[in-house]
2 protein chains.
Amino acid sequence: VNLLGLIQSKKAGRPIEPEQMDQLVGAVLAGAVPDYQLAALLTVICYEKLNRLETVSMTRAFLDSGDRLSWEGISRPVVDKHSTGGVGDKVSLALVPSMAAAGLAMPKMSGRGLGHTGGTIDKLESIPGLRTDLSLDEIHGILEETGCVVAGQTAQLVPADKIFYALRDATDTVREMGLVAASVMSKKLAAGAPCIVLDVKCGNGAFFLNETEAREFAGLAMHIGGEFDRQVACVISDMDQPLGQAVGNTLEVLEVIDLLAGKRAFPDLRELLLSLGSVLLVISQKQPDLGAARLELAALLDSGIVYDKFREWIRAQGGRLEELPEDIDKLQGVQVFPIYSLKSGIVSAIDCAGLGEIARRCGAGRLSQDDVIVANAGLLCHVSLGDRIEQGTELARLFMAQDRLSAANTLSAQALAAFRVQDGCAVTRHQTVIDVLLP
Amino acid sequence: VNLLGLIQSKKAGRPIEPEQMDQLVGAVLAGAVPDYQLAALLTVICYEKLNRLETVSMTRAFLDSGDRLSWEGISRPVVDKHSTGGVGDKVSLALVPSMAAAGLAMPKMSGRGLGHTGGTIDKLESIPGLRTDLSLDEIHGILEETGCVVAGQTAQLVPADKIFYALRDATDTVREMGLVAASVMSKKLAAGAPCIVLDVKCGNGAFFLNETEAREFAGLAMHIGGEFDRQVACVISDMDQPLGQAVGNTLEVLEVIDLLAGKRAFPDLRELLLSLGSVLLVISQKQPDLGAARLELAALLDSGIVYDKFREWIRAQGGRLEELPEDIDKLQGVQVFPIYSLKSGIVSAIDCAGLGEIARRCGAGRLSQDDVIVANAGLLCHVSLGDRIEQGTELARLFMAQDRLSAANTLSAQALAAFRVQDGCAVTRHQTVIDVLLP
């Protein structure tokens with residue numbers, strides 16, 4: 001493939017042809033493209049944009065670059081979910097057993113993220129004994145038995161995306177919508193589920209900073225889904241404040257357990273769970289419409305059936321829930337710093353991305369691929385947008401890893417500054433689920 | 001320097017600050033910048049453009065990256081000339097002795113080009129015995145003695161530009177005006193002459209395809225000159241047809257000799273020579289205005305004084321003009337292919353860049369840095385735009401290196417196709433010199 005010619009032609013406004021896209025991705029995979037030329041092309045793409053056809057052909061070339069999982073032999077309908085990333089986003093931990101309780105099978109293949117907290121895998125691994133390094137046979141066995149499985153990637157799914165992404169990350173070319181969609185969708189398509197729901201988050205704690213971007217992405221992702229004969233639906237959800245209260249790994253697992261056990265209510269988390277779950281029940285044709293699906297799911301949740309399924313699943317992956325601390329005051333290896341409001345008023349803004357970053361620096365997330373996560377580190381966010389609070393109200397509580405204590409003063413000050421408390425302003429309560437888009 | 005931050009900030013429309021530019025160029029020179037990040041930044045710069053301040057600070061950072069030549073000790077005013085490149089552009093070979101004949105000193109430091117023909121150095125080296133690998137002492141000695149010298153670069157002038165240019169060439173980022181101006185001007189400034197004339201060519205055989213681009217470049221270059229306290233003037237000249245007739249190395253030397261010896265007239269070449277030369281006489285304050293300067297130069301040319309100076313100069317660099325063939329029919333190592341017109345009419349267009357490429361493929365230029373130039377290869381273009389010709393008129397004559405003869409049919413056909421001959425159309429004769437811009 002003639003990279004210089006491709007750069008010139010894309011710069012002149014001519015779309016990249018499907019065969020050129022195949023050749024490009026093939027050459028990149030073969031190590032035959034100098035990274036400075038790929039960097040230049042990606043930068044040009046950020047200015048010129050990819051059209052839908054180019055995005056689909058990039059997705060296809062990515063998909064063809066590696067293995068694909070197959071769920072043949074699984075007797076239940078197989079569904080999958082992807083989140084574009086948020087702060088305190090533990091909904092997969094509740095969605096997987098919910099879907100299994102409703103008769104579906106939900107295998108989730110995850111990597112270890114570089115987010116504010118670890119990925120779903122890291123969260124699960126905060127449960128003593130739990131294994132995610134499962135063989136394909138184990139994955140199929142546990143999935144067929146329980147309807148649930150979450151594992152690290154065993155196969156080589158979409159190796160081309162890894163190369164492109166590393167370069168995009170280093171050259172400020174991560175945000176072009178076509179590149180984002182090809183990256184996300186090729187991985188979801190390779191993971192093999194015929195029905196996929198995307199949690200497309202927008203807000204100051206999300207990748208998409210506003211609803212317009214989120215809707216653009218959703219439209220593109222659903223178009224790609226259609227081109228590959230998959231049922232792809234999207235839930236547009238708010239990320240102007242953390243989802244639930246916990247941001248961390250053990251902290252999020254404990255919150256999910258409280259939700260499923262009915263010990264405490266987390267209305268935003270429950271709402272998102274019901275929305276994502278009912279969409280999957282509809283597109284997998286388990287239920288005829290969202291209303292019926294929602295009723296079924298709520299009943300499964302409230303009856304404790306989902307909680308039973310959760311425990312069955314965790315046990316099947318070797319996890320010993322009984323060894324988790326019963327409540328958050330007994331977490332080992334972390335020191336607690338409560339953050340109190342200095343004034344009374346209404347919580348009018350929360351720096352959600354800022355809180356995520358604070359959780360990461362408390363030890364909950366990685367700064368580089370080699371960092372070790374401290375399972376019990378993170379934070380709880382005790383107030384929501386629109387809450388009326390008094391001076392001295394606990395806004396948040398930091399759980400700081402022992403080896404991060406030197407940053408305690410800085411992080412506490414930053415946590416306090418992450419909340420804007422104003423007098424006499426009317427703040428409408430945020431809606432967690434903004435829209436549901438069916439294919 | 002934080003390259004990712006610089007990419008983001010430039011993309012957001014913020015100019016690169018002078019200190020950032022220094023850090024960037026310093027880091028690139030130190031090998032501390034991954035080439036994919038520099039490629040991304042250069043691509044962003046092609047979209048966002050460099051403003052005048054950024055262009056000046058890039059020029060300064062480039063200039064500071066290497067050595068500078070000094071002409072202290074040379075008793076005559078020192079002048080320099082740069083051409084943005086054209087087909088058959090042998091004017092330096094005549095300008096250097098013209099300036100010396102008028103009492104100036106003109107040292108030209110050149111590299112070996114990748115153009116249609118070699119650079120000025122390659123052209124000179126087609127003269128038996130002539131040396132261009134001169135030491136700085138030799139350069140100063142010959143210059144002080146004759147007023148002329150053309151040598152390969154001995155010092156490390158602007159090493160940063162070499163790195164940037166190699167990357168720009170491979171990533172389609174060569175055309176941004178600020179990058180072009182910083183590259184050209186840093187090299188001219190490093191070469192040390194206080195008075196510089198730029199031959200800014202436009203047309204289908206030039207880097208700048210139209211007059212607008214050429215004028216934009218000229219304005220920027222003169223602005224940079226002012227910032228560095230140099231006298232910089234520009235001649236905007238036409239490159240819609242080869243300059244003179246010869247395109248090659250020996251062929252161009254022989255043409256210059258014919259011009260200086262008064263054996264044959266080349267009106268376009270003479271016109272450009274007089275324009276560039278009179279500009280240098282004015283900005284070096286040898287003459288009060290262009291009219292007087294032109295008269296002086298024409299007299300020097302017509303009296304044979306410039307030719308005497310040319311021979312003195314070539315001798316001083318070791319060249320034995322007497323060993324050059326007396327006329328082009330006696331050139332060794334090449335085979336001649338005349339190209340005849342198939343119809344009568346007026347020459348309405350010449351693919352000037354195409355003729356340059358044909359000359360290169362005949363053996364006159366390099367396709368890669370390591371290629372060996374065949375001194376006697378090239379072509380003569382026998383007709384000019386607006387000429388009325390008959391069927392059978394010789395349009396051009398190719399001088400093909402023996403080892404390129406397998407391409408003879410292709411190149412002959414391409415040469416024929418490079419001329420458009422039309423009936424009954426009125427073509428105004430082209431003006432070689434379009435404008436003269438004094439500082």
# chains A, B, ... in the order shown; residues from 1 in each chain; ligands from 1
>>> closest_atom_pairs(of="chain A", to="chain B", cutoff="10 Å", atoms="only C-alpha atoms", output="CSV")
residue,atom,partner,partner_atom,distance
A:Leu3,CA,B:Thr171,CA,8.3
A:Leu4,CA,B:Thr171,CA,6.1
A:Gly5,CA,B:Asp172,CA,8.5
A:Leu6,CA,B:Asp172,CA,9.8
A:Ile7,CA,B:Asp172,CA,6.8
A:Gln8,CA,B:Asp172,CA,6.3
A:Lys11,CA,B:Asp172,CA,9.1
A:Pro34,CA,B:Tyr36,CA,8.5
A:Asp35,CA,B:Tyr36,CA,5.6
A:Tyr36,CA,B:Tyr36,CA,3.8
A:Gln37,CA,B:Thr171,CA,5.6
A:Leu38,CA,B:Tyr36,CA,7.7
A:Ala39,CA,B:Tyr36,CA,5.4
A:Ala40,CA,B:Ala40,CA,5.1
A:Leu41,CA,B:Thr171,CA,8.0
A:Leu42,CA,B:Ala40,CA,8.0
A:Thr43,CA,B:Ala40,CA,5.8
A:Val44,CA,B:Thr43,CA,6.8
A:Cys46,CA,B:Val44,CA,9.5
A:Tyr47,CA,B:Tyr47,CA,7.9
A:Leu167,CA,B:Tyr36,CA,7.8
A:Arg168,CA,B:Ala40,CA,9.7
A:Asp169,CA,B:Leu4,CA,8.9
A:Ala170,CA,B:Leu4,CA,6.4
A:Thr171,CA,B:Gln37,CA,5.6
A:Asp172,CA,B:Gln8,CA,6.3
A:Thr173,CA,B:Ala40,CA,8.8
>>> write_last_selection(atoms="N, CA and C atoms", output="compact mmCIF listing (two decimals), in the first residue's frame")
# COMPACT_ATOMS: atom_id res chain seq x y z
N LEU A 3 1.41 4.52 1.19
CA LEU A 3 0.91 5.37 2.27
C LEU A 3 0.91 6.84 1.90
N LEU A 4 1.99 7.28 1.26
CA LEU A 4 2.08 8.70 0.90
C LEU A 4 0.92 9.06 -0.04
N GLY A 5 0.65 8.19 -0.98
CA GLY A 5 -0.46 8.42 -1.90
C GLY A 5 -1.80 8.45 -1.17
N LEU A 6 -1.94 7.57 -0.18
CA LEU A 6 -3.19 7.51 0.59
C LEU A 6 -3.37 8.79 1.42
N ILE A 7 -2.27 9.27 2.00
CA ILE A 7 -2.32 10.52 2.77
C ILE A 7 -2.75 11.66 1.85
N GLN A 8 -2.12 11.74 0.68
CA GLN A 8 -2.43 12.83 -0.25
C GLN A 8 -3.88 12.75 -0.71
N LYS A 11 -6.28 13.64 2.05
CA LYS A 11 -6.18 15.09 2.28
C LYS A 11 -6.93 15.87 1.21
N PRO A 34 5.54 2.59 8.20
CA PRO A 34 6.26 3.37 9.21
C PRO A 34 5.24 4.12 10.08
N ASP A 35 5.47 4.14 11.39
CA ASP A 35 4.44 4.72 12.26
C ASP A 35 4.26 6.22 12.02
N TYR A 36 5.30 6.90 11.47
CA TYR A 36 5.11 8.33 11.21
C TYR A 36 4.12 8.53 10.05
N GLN A 37 4.10 7.61 9.11
CA GLN A 37 3.12 7.75 8.03
C GLN A 37 1.72 7.43 8.51
N LEU A 38 1.60 6.42 9.37
CA LEU A 38 0.28 6.11 9.93
C LEU A 38 -0.20 7.27 10.80
N ALA A 39 0.72 7.86 11.57
CA ALA A 39 0.35 9.02 12.41
C ALA A 39 -0.14 10.18 11.55
N ALA A 40 0.54 10.42 10.43
CA ALA A 40 0.12 11.50 9.53
C ALA A 40 -1.26 11.20 8.96
N LEU A 41 -1.48 9.96 8.54
CA LEU A 41 -2.78 9.59 7.96
C LEU A 41 -3.89 9.75 9.00
N LEU A 42 -3.64 9.29 10.22
CA LEU A 42 -4.66 9.40 11.27
C LEU A 42 -4.98 10.86 11.57
N THR A 43 -3.95 11.70 11.54
CA THR A 43 -4.18 13.12 11.77
C THR A 43 -5.02 13.72 10.65
N VAL A 44 -4.71 13.35 9.42
CA VAL A 44 -5.52 13.81 8.30
C VAL A 44 -6.96 13.34 8.47
N CYS A 46 -8.54 12.84 11.18
CA CYS A 46 -9.22 13.67 12.19
C CYS A 46 -9.78 14.95 11.57
N TYR A 47 -9.10 15.47 10.57
CA TYR A 47 -9.58 16.69 9.92
C TYR A 47 -10.63 16.38 8.85
N LEU A 167 -1.03 4.25 18.77
CA LEU A 167 -0.56 5.42 18.02
C LEU A 167 -1.53 6.59 18.17
N ARG A 168 -2.83 6.30 18.16
CA ARG A 168 -3.82 7.37 18.31
C ARG A 168 -3.66 8.06 19.66
N ASP A 169 -3.41 7.23 20.68
CA ASP A 169 -3.27 7.75 22.03
C ASP A 169 -2.10 8.73 22.11
N ALA A 170 -1.04 8.47 21.34
CA ALA A 170 0.18 9.28 21.43
C ALA A 170 0.16 10.46 20.47
N THR A 171 -0.87 10.56 19.62
CA THR A 171 -0.86 11.60 18.60
C THR A 171 -2.13 12.44 18.61
N ASP A 172 -2.90 12.35 19.69
CA ASP A 172 -4.15 13.13 19.80
C ASP A 172 -5.08 12.85 18.63
N THR A 173 -5.22 11.59 18.29
CA THR A 173 -6.17 11.25 17.22
C THR A 173 -7.20 10.24 17.74
>>> residues_around(residues="A:Lys263", least_positions_apart="6", cutoff="12 Å", atoms="only C-alpha atoms", output="PDB file with C-alpha atoms, in the first residue's frame")
ATOM      1  CA  LEU A 254     -19.787  -4.128  47.684  1.00  0.00           C
ATOM      2  CA  GLU A 255     -22.182  -1.566  46.219  1.00  0.00           C
ATOM      3  CA  VAL A 256     -23.447  -4.043  43.637  1.00  0.00           C
ATOM      4  CA  ILE A 257     -23.971  -6.639  46.346  1.00  0.00           C
ATOM      5  CA  ASP A 302     -36.709  -7.548  43.740  1.00  0.00           C
ATOM      6  CA  GLY A 304     -33.551 -11.855  44.952  1.00  0.00           C
ATOM      7  CA  TYR A 307     -28.665 -11.908  43.615  1.00  0.00           C
ATOM      8  CA  ASP A 327     -18.939  -3.313  55.360  1.00  0.00           C
TER       9      ASP A 327
END
>>> atom_distance(atom1="atom CA of A:Leu342", atom2="atom CA of A:Leu405")
22.8 Å
>>> select_by_dssp(residues="stretch 53-201 of chain B", states="helix (DSSP H, G or I)", output="PyMOL selection string")
chain B and resi 53-64+91-101+120-124+136-146+159-170+177-190
>>> write_last_selection(atoms="C-alpha atoms", output="PDB file, in the first residue's frame")
ATOM      1  CA  LEU B  53       5.622  34.829  14.397  1.00  0.00           C
ATOM      2  CA  GLU B  54       5.674  31.032  14.470  1.00  0.00           C
ATOM      3  CA  THR B  55       7.434  30.966  11.110  1.00  0.00           C
ATOM      4  CA  VAL B  56      10.080  33.390  12.354  1.00  0.00           C
ATOM      5  CA  SER B  57      10.589  31.429  15.553  1.00  0.00           C
ATOM      6  CA  MET B  58      10.879  28.158  13.642  1.00  0.00           C
ATOM      7  CA  THR B  59      13.424  29.798  11.337  1.00  0.00           C
ATOM      8  CA  ARG B  60      15.369  31.013  14.371  1.00  0.00           C
ATOM      9  CA  ALA B  61      15.275  27.609  16.074  1.00  0.00           C
ATOM     10  CA  PHE B  62      16.428  25.943  12.846  1.00  0.00           C
ATOM     11  CA  LEU B  63      19.197  28.501  12.401  1.00  0.00           C
ATOM     12  CA  ASP B  64      20.362  27.968  15.985  1.00  0.00           C
ATOM     13  CA  VAL B  91      21.041  30.806 -13.913  1.00  0.00           C
ATOM     14  CA  SER B  92      23.366  30.522 -10.907  1.00  0.00           C
ATOM     15  CA  LEU B  93      26.193  29.455 -13.197  1.00  0.00           C
ATOM     16  CA  ALA B  94      25.894  32.793 -14.980  1.00  0.00           C
ATOM     17  CA  LEU B  95      24.899  34.920 -11.998  1.00  0.00           C
ATOM     18  CA  VAL B  96      27.935  34.062  -9.854  1.00  0.00           C
ATOM     19  CA  PRO B  97      30.527  35.412 -12.350  1.00  0.00           C
ATOM     20  CA  SER B  98      28.225  38.330 -13.258  1.00  0.00           C
ATOM     21  CA  MET B  99      28.188  39.478  -9.653  1.00  0.00           C
ATOM     22  CA  ALA B 100      31.926  39.018  -9.343  1.00  0.00           C
ATOM     23  CA  ALA B 101      32.446  41.020 -12.528  1.00  0.00           C
ATOM     24  CA  THR B 120      24.374  23.509  -9.217  1.00  0.00           C
ATOM     25  CA  ILE B 121      27.171  21.402  -7.786  1.00  0.00           C
ATOM     26  CA  ASP B 122      26.387  18.460 -10.032  1.00  0.00           C
ATOM     27  CA  LYS B 123      26.180  20.751 -13.032  1.00  0.00           C
ATOM     28  CA  LEU B 124      29.606  22.233 -12.237  1.00  0.00           C
ATOM     29  CA  LEU B 136      36.513  26.523   4.356  1.00  0.00           C
ATOM     30  CA  ASP B 137      39.997  27.938   3.786  1.00  0.00           C
ATOM     31  CA  GLU B 138      39.865  27.109   0.092  1.00  0.00           C
ATOM     32  CA  ILE B 139      36.383  28.612  -0.160  1.00  0.00           C
ATOM     33  CA  HIS B 140      37.544  31.868   1.394  1.00  0.00           C
ATOM     34  CA  GLY B 141      40.700  31.894  -0.733  1.00  0.00           C
ATOM     35  CA  ILE B 142      38.937  31.351  -4.056  1.00  0.00           C
ATOM     36  CA  LEU B 143      36.177  33.778  -3.150  1.00  0.00           C
ATOM     37  CA  GLU B 144      38.567  36.553  -2.180  1.00  0.00           C
ATOM     38  CA  GLU B 145      40.638  35.959  -5.298  1.00  0.00           C
ATOM     39  CA  THR B 146      37.862  35.667  -7.900  1.00  0.00           C
ATOM     40  CA  PRO B 159      20.780  20.025  10.809  1.00  0.00           C
ATOM     41  CA  ALA B 160      17.260  20.356  12.267  1.00  0.00           C
ATOM     42  CA  ASP B 161      15.881  21.143   8.824  1.00  0.00           C
ATOM     43  CA  LYS B 162      17.289  17.897   7.454  1.00  0.00           C
ATOM     44  CA  ILE B 163      15.332  15.892  10.040  1.00  0.00           C
ATOM     45  CA  PHE B 164      12.136  17.859   9.548  1.00  0.00           C
ATOM     46  CA  TYR B 165      12.437  17.732   5.800  1.00  0.00           C
ATOM     47  CA  ALA B 166      12.928  13.986   5.602  1.00  0.00           C
ATOM     48  CA  LEU B 167       9.771  13.491   7.643  1.00  0.00           C
ATOM     49  CA  ARG B 168       7.791  16.110   5.698  1.00  0.00           C
ATOM     50  CA  ASP B 169       8.744  14.426   2.463  1.00  0.00           C
ATOM     51  CA  ALA B 170       7.351  11.099   3.705  1.00  0.00           C
ATOM     52  CA  MET B 177       4.007  27.951   3.466  1.00  0.00           C
ATOM     53  CA  GLY B 178       5.474  28.594   6.930  1.00  0.00           C
ATOM     54  CA  LEU B 179       7.314  25.277   6.926  1.00  0.00           C
ATOM     55  CA  VAL B 180       8.655  26.002   3.432  1.00  0.00           C
ATOM     56  CA  ALA B 181       9.790  29.496   4.389  1.00  0.00           C
ATOM     57  CA  ALA B 182      11.463  28.384   7.638  1.00  0.00           C
ATOM     58  CA  SER B 183      13.298  25.628   5.788  1.00  0.00           C
ATOM     59  CA  VAL B 184      14.514  27.818   2.922  1.00  0.00           C
ATOM     60  CA  MET B 185      15.307  30.910   4.945  1.00  0.00           C
ATOM     61  CA  SER B 186      17.121  29.183   7.813  1.00  0.00           C
ATOM     62  CA  LYS B 187      19.537  27.705   5.280  1.00  0.00           C
ATOM     63  CA  LYS B 188      20.050  31.012   3.489  1.00  0.00           C
ATOM     64  CA  LEU B 189      20.549  32.848   6.787  1.00  0.00           C
ATOM     65  CA  ALA B 190      23.048  30.234   7.968  1.00  0.00           C
TER      66      ALA B 190
END
>>> residues_around(residues="B:Ala417", least_positions_apart="3", cutoff="9 Å", atoms="only C-alpha atoms", output="PDB file with C-alpha atoms, in the first residue's frame")
ATOM      1  CA  ILE B 350       4.339  22.604 -22.443  1.00  0.00           C
ATOM      2  CA  ASP B 351       4.306  20.075 -19.629  1.00  0.00           C
ATOM      3  CA  SER B 412      10.178   9.630 -26.569  1.00  0.00           C
ATOM      4  CA  ALA B 413       6.430   9.202 -26.526  1.00  0.00           C
ATOM      5  CA  GLN B 414       6.181  11.119 -23.248  1.00  0.00           C
ATOM      6  CA  ARG B 420       0.432  20.770 -27.040  1.00  0.00           C
TER       7      ARG B 420
END
>>> residues_around(residues="A:Arg215", least_positions_apart="5", cutoff="10 Å", atoms="only C-alpha atoms", output="list in words")
Val200, Lys201, Cys202, Phe208, Asn210, Leu220, Ala221, Cys234, Val235, Ile236, Asp435 and Leu437 of chain A
>>> residues_around(residues="B:Leu209", least_positions_apart="4", cutoff="12 Å", atoms="only C-alpha atoms", output="list in words")
Thr84, Gly85, Gly86, Arg175, Val200, Lys201, Cys202, Gly203, Asn204, Gly205, Glu213, Ala214, Arg215, Glu216, Phe217, Ser237, Asp238, Met239, Asp240, Cys352 and Ala353 of chain B
>>> write_last_selection(atoms="C-alpha atoms", output="tab-separated table (two decimals), in the first residue's frame")
chain	number	residue	atom	x	y	z
B	84	THR	CA	12.78	27.55	-5.36
B	85	GLY	CA	13.63	25.17	-8.18
B	86	GLY	CA	12.76	24.81	-11.81
B	175	ARG	CA	3.67	22.42	1.09
B	200	VAL	CA	10.56	32.42	-6.64
B	201	LYS	CA	9.30	30.37	-9.55
B	202	CYS	CA	5.71	29.55	-10.34
B	203	GLY	CA	4.10	27.43	-13.00
B	204	ASN	CA	3.66	23.80	-13.89
B	205	GLY	CA	7.38	23.09	-13.60
B	213	GLU	CA	1.42	30.97	-3.85
B	214	ALA	CA	4.70	32.40	-5.12
B	215	ARG	CA	3.79	35.88	-3.88
B	216	GLU	CA	2.72	34.53	-0.50
B	217	PHE	CA	6.05	32.78	-0.12
B	237	SER	CA	9.52	34.19	-12.40
B	238	ASP	CA	7.66	31.92	-14.75
B	239	MET	CA	8.19	28.18	-14.94
B	240	ASP	CA	5.57	27.10	-17.44
B	352	CYS	CA	7.35	21.59	-17.99
B	353	ALA	CA	7.38	19.27	-14.97
>>> residues_around(residues="stretch 333-338 of chain B", least_positions_apart="5", cutoff="9 Å", atoms="only C-alpha atoms", output="list in words")
Cys362, Val374, Asn376, Ala377, Leu379, Glu394, Leu395, Ala396, Arg397, Leu398, Phe399, Met400, Ala401, Gln402, Asp403, Leu405, Ala408 and Ser412 of chain B
>>> residues_around(residues="B:Ala30", least_positions_apart="2", cutoff="12 Å", atoms="only C-alpha atoms", output="ChimeraX atom specification")
/B:1,23-28,32-34,65,159-160,163
>>> write_last_selection(atoms="C-alpha atoms", output="CSV table (one decimal), in the first residue's frame")
chain,number,residue,atom,x,y,z
B,1,VAL,CA,8.8,19.3,25.6
B,23,GLN,CA,12.2,23.3,22.9
B,24,LEU,CA,10.5,21.3,20.0
B,25,VAL,CA,13.4,21.8,17.6
B,26,GLY,CA,16.0,21.1,20.4
B,27,ALA,CA,14.2,17.9,21.3
B,28,VAL,CA,13.9,16.8,17.7
B,32,ALA,CA,13.9,12.9,22.0
B,33,VAL,CA,10.8,13.2,19.9
B,34,PRO,CA,9.2,10.1,18.4
B,65,SER,CA,20.5,24.2,15.4
B,159,PRO,CA,20.8,20.0,10.8
B,160,ALA,CA,17.3,20.4,12.3
B,163,ILE,CA,15.3,15.9,10.0
>>> decode(residues="stretch 314-338 of chain B", atoms="C-alpha atoms", output="short mmCIF file (atom, residue, chain, number, x, y, z; two decimals), in the first residue's frame")
data_model
loop_
_atom_site.label_atom_id
_atom_site.label_comp_id
_atom_site.auth_asym_id
_atom_site.auth_seq_id
_atom_site.Cartn_x
_atom_site.Cartn_y
_atom_site.Cartn_z
CA ILE B 314 36.12 27.64 -13.12
CA ARG B 315 39.91 27.49 -13.39
CA ALA B 316 40.23 28.46 -9.73
CA GLN B 317 38.10 25.48 -8.76
CA GLY B 318 40.22 23.21 -10.94
CA GLY B 319 37.88 22.95 -13.91
CA ARG B 320 39.28 22.39 -17.42
CA LEU B 321 36.75 23.97 -19.75
CA GLU B 322 38.91 23.07 -22.73
CA GLU B 323 38.08 19.41 -22.14
CA LEU B 324 34.35 19.95 -22.56
CA PRO B 325 33.07 18.93 -25.97
CA GLU B 326 32.88 21.87 -28.29
CA ASP B 327 29.34 21.18 -29.26
CA ILE B 328 26.53 18.99 -28.13
CA ASP B 329 26.79 16.60 -31.04
CA LYS B 330 30.00 15.29 -29.55
CA LEU B 331 28.68 14.31 -26.12
CA GLN B 332 29.91 10.85 -25.08
CA GLY B 333 27.95 8.10 -23.42
CA VAL B 334 24.52 9.24 -24.52
CA GLN B 335 22.33 8.48 -27.49
CA VAL B 336 20.33 11.23 -29.17
CA PHE B 337 16.58 10.96 -29.89
CA PRO B 338 15.03 13.90 -31.74
#
